[in-house]
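Down below is the structure, laid out as structure tokens.
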Amino acid sequence: MALLDLDSIDKSFGDHTVLRGVSLQVAEGEMLALLGPSGSGKTTLLRILAGFESADGGRIELAGEDVTRVSPARRGVGMVFQHYALFPHLDVGANVAFGLKSLGLSGDEAAERVAEVLGLVDLSGFERRAVGELSGGQQQRVAVARALAPRPRLLLLDEPLSNLDPMLRERTRRALRQLVRQVGITTVLVTHEQQEAFDLGDRIALLTDGQLQQVGPPDELYERPANRFVATFVGRRNLLSGRLDSRRGRLGVRLEGVAGEPWWPGVDGGVLEGDEGRVELMLRPEALRLVDSPSDGSVAGTVLERLYGGGVSHFRVALEVDAASGGDPEPIEVEVLARSDAASVGDRVQVAPQPAGPPGRIWSSARPAVTHR
């Protein structure tokens, strides 16, 4: 059952359109991560959900109630801001209790609620602590406790970990995930960090230029990207140009610009019906392998870089170009995930698709090949 239902949300600031017909549902108890580059519209959408901005068009329903024009105080929404917005002159207990007066709670009742939510965030007994005495992770948990104290129907998190150093961010991310699961509150998280979205989100909504590109579980966005933008934004990838070519009923691409123009398999990610022209094949690094000797579909190359990752590493390989192409062809590089001892920088290697690896995606309107990320 959807607790939150957005229908065709539009928003512009002057001549600048920020959101274009965004429709989205969030199930009860789900954590949805709104992911996208800077300027994609995700924070504006979060502010519209909170009631701090009004939509130019569309409808917002929360638990079956139309809250499109309802004030922030009456929406039953809790929000944790990017900079936490804690009051430095108030102690932890007063910060957490700040929003309870508007609910008519005071005295012992308010103190009980404060103690309850501080216990949820593992800060029991911190009521009289000064905010300035707390670590960044503790301040973040106080901000979450303050948002939870009024018992909102929906929790909104605006880049809640962006101010923490990398080590603390990872530790706090785990604590936040555990907390949200424990409380069971429906949550919408805004982030531009892919790892954060993948770690925290039950589903991810990828936004760019004010439009949703794909909504689904993390593995779906990674393994079955809906379009080229999703493929290139989410995770590492290789993009290779070629011509559409089916073999024994399997769709694939005859690679252009590399020695031997090998055939590599893929699945339809957006090929126009009857299109036999140039296309683009996207393959994740783990979909490729390093082989010891030439084989069907393999391409010779030279290892340019090894990004060490323990037992497995990412190898950046310059593929051997097609000598018949003439002139000074652009180098074509791919990234391959393989055992760390599979090769060293400068080695000559053979690159081929994994026989049972994740399938590549094929799109029409290919752009020049390059690339790894």
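Note on naming: chains are A, B, ... as they come in the structure tokens, residues start from 1 per chain, ligands start from 1 in the order shown.
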Quick one: residues within 12 Å of Leu290 of chain A, only C-alpha atoms counted, chain neighbours fewer than 4 positions away excluded, as a PyMOL selection string? chain A and resi 285-286+294-295+297-303+313-317+319+334-344+347-355
Close residues, Pro265 of chain A itself excluded, 9 Å, only C-alpha atoms, min 4 positions apart in chain, as a PyMOL selection string: chain A and resi 245-247+250-254+281+353+359-361
re atom CA of Tyr222 of chain A and atom CA of Gly277 of chain A: distance 26.1 Å
message: Need to verify the contact set: Asp202 of chain A, 7 Å, only C-alpha atoms, exclusion of same-chain residues closer than 4 positions in sequence. Can you return it as a list in words?
response: Glu30, Met31, Leu32 and Pro217 of chain A
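For the choices A:Leu3, A:Ala147, A:Ile48, A:Val345, the atom-to-atom distance to Gly29 of chain A is smallest for A:Leu3 when using only C-alpha atoms.
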message = List as a PyMOL selection string the protein and nucleic acid residues near Arg47 of chain A, meaning an atom at most 10 Å away when only C-alpha atoms are counted, but skip any in the same chain fewer than 4 places from it.
response = chain A and resi 42-43+51-55+72+79+156+158
Please save C-alpha atoms of the selected residues as a PDB file, in the first residue's frame.
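What ended up in out.pdb:
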ATOM      1  CA  LYS A  42      15.677  16.394  -5.798  1.00  0.00           C
ATOM      2  CA  THR A  43      15.923  18.905  -2.928  1.00  0.00           C
ATOM      3  CA  GLY A  51       5.346  21.934   2.387  1.00  0.00           C
ATOM      4  CA  PHE A  52       8.180  24.496   2.347  1.00  0.00           C
ATOM      5  CA  GLU A  53       7.628  24.988  -1.396  1.00  0.00           C
ATOM      6  CA  SER A  54       4.367  24.748  -3.296  1.00  0.00           C
ATOM      7  CA  ALA A  55       4.024  22.778  -6.516  1.00  0.00           C
ATOM      8  CA  PRO A  72       3.969  22.092   6.824  1.00  0.00           C
ATOM      9  CA  MET A  79      12.492  16.537   8.283  1.00  0.00           C
ATOM     10  CA  LEU A 156      12.368  13.326   5.035  1.00  0.00           C
ATOM     11  CA  ASP A 158      18.044  15.993   3.083  1.00  0.00           C
TER      12      ASP A 158
END
List every residue of segment 144-339 of chain A that DSSP, applied to the backbone of this structure, places in helix (DSSP H, G or I), and write the result as a ChimeraX atom specification.
/A:144-148,166-183,194-200,218-223,228-233,285-287,323-325
All residues 10 Å or closer to Thr68 of chain A, only C-alpha atoms, same chain fewer than 5 positions away omitted, as a PyMOL selection string:
chain A and resi 6+9+48-51+54-55+57-62+75
Selection from above, N, CA and C atoms, as a short mmCIF file (atom, residue, chain, number, x, y, z; two decimals), in the first residue's frame, can you write it?
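Contents of the output file selection.cif:
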data_model
loop_
_atom_site.label_atom_id
_atom_site.label_comp_id
_atom_site.auth_asym_id
_atom_site.auth_seq_id
_atom_site.Cartn_x
_atom_site.Cartn_y
_atom_site.Cartn_z
N LEU A 6 2.67 10.78 -5.28
CA LEU A 6 2.89 12.02 -6.02
C LEU A 6 2.37 11.83 -7.44
N ILE A 9 3.91 16.14 -10.51
CA ILE A 9 4.38 17.35 -9.83
C ILE A 9 5.24 18.19 -10.77
N ILE A 48 8.96 20.38 -1.44
CA ILE A 48 7.54 20.36 -1.79
C ILE A 48 6.81 19.32 -0.94
N LEU A 49 7.45 18.16 -0.71
CA LEU A 49 6.85 17.15 0.16
C LEU A 49 6.66 17.68 1.58
N ALA A 50 7.64 18.46 2.04
CA ALA A 50 7.57 19.00 3.41
C ALA A 50 6.59 20.16 3.51
N GLY A 51 6.24 20.78 2.37
CA GLY A 51 5.35 21.93 2.39
C GLY A 51 6.06 23.26 2.42
N SER A 54 5.63 25.22 -2.72
CA SER A 54 4.37 24.75 -3.30
C SER A 54 4.58 24.33 -4.74
N ALA A 55 3.93 23.25 -5.14
CA ALA A 55 4.02 22.78 -6.52
C ALA A 55 3.19 23.67 -7.43
N GLY A 57 1.92 22.48 -10.18
CA GLY A 57 0.90 21.59 -10.69
C GLY A 57 1.09 20.21 -10.11
N GLY A 58 0.02 19.42 -10.10
CA GLY A 58 0.10 18.07 -9.58
C GLY A 58 -0.56 17.93 -8.22
N ARG A 59 -0.44 16.74 -7.67
CA ARG A 59 -1.17 16.40 -6.43
C ARG A 59 -0.28 15.53 -5.54
N ILE A 60 -0.37 15.78 -4.23
CA ILE A 60 0.36 14.99 -3.24
C ILE A 60 -0.65 14.39 -2.27
N GLU A 61 -0.63 13.07 -2.14
CA GLU A 61 -1.46 12.39 -1.15
C GLU A 61 -0.57 11.70 -0.14
N LEU A 62 -0.92 11.87 1.14
CA LEU A 62 -0.19 11.23 2.23
C LEU A 62 -1.20 10.45 3.06
N ARG A 75 1.02 18.61 8.06
CA ARG A 75 1.22 17.46 7.16
C ARG A 75 1.61 16.18 7.87
#
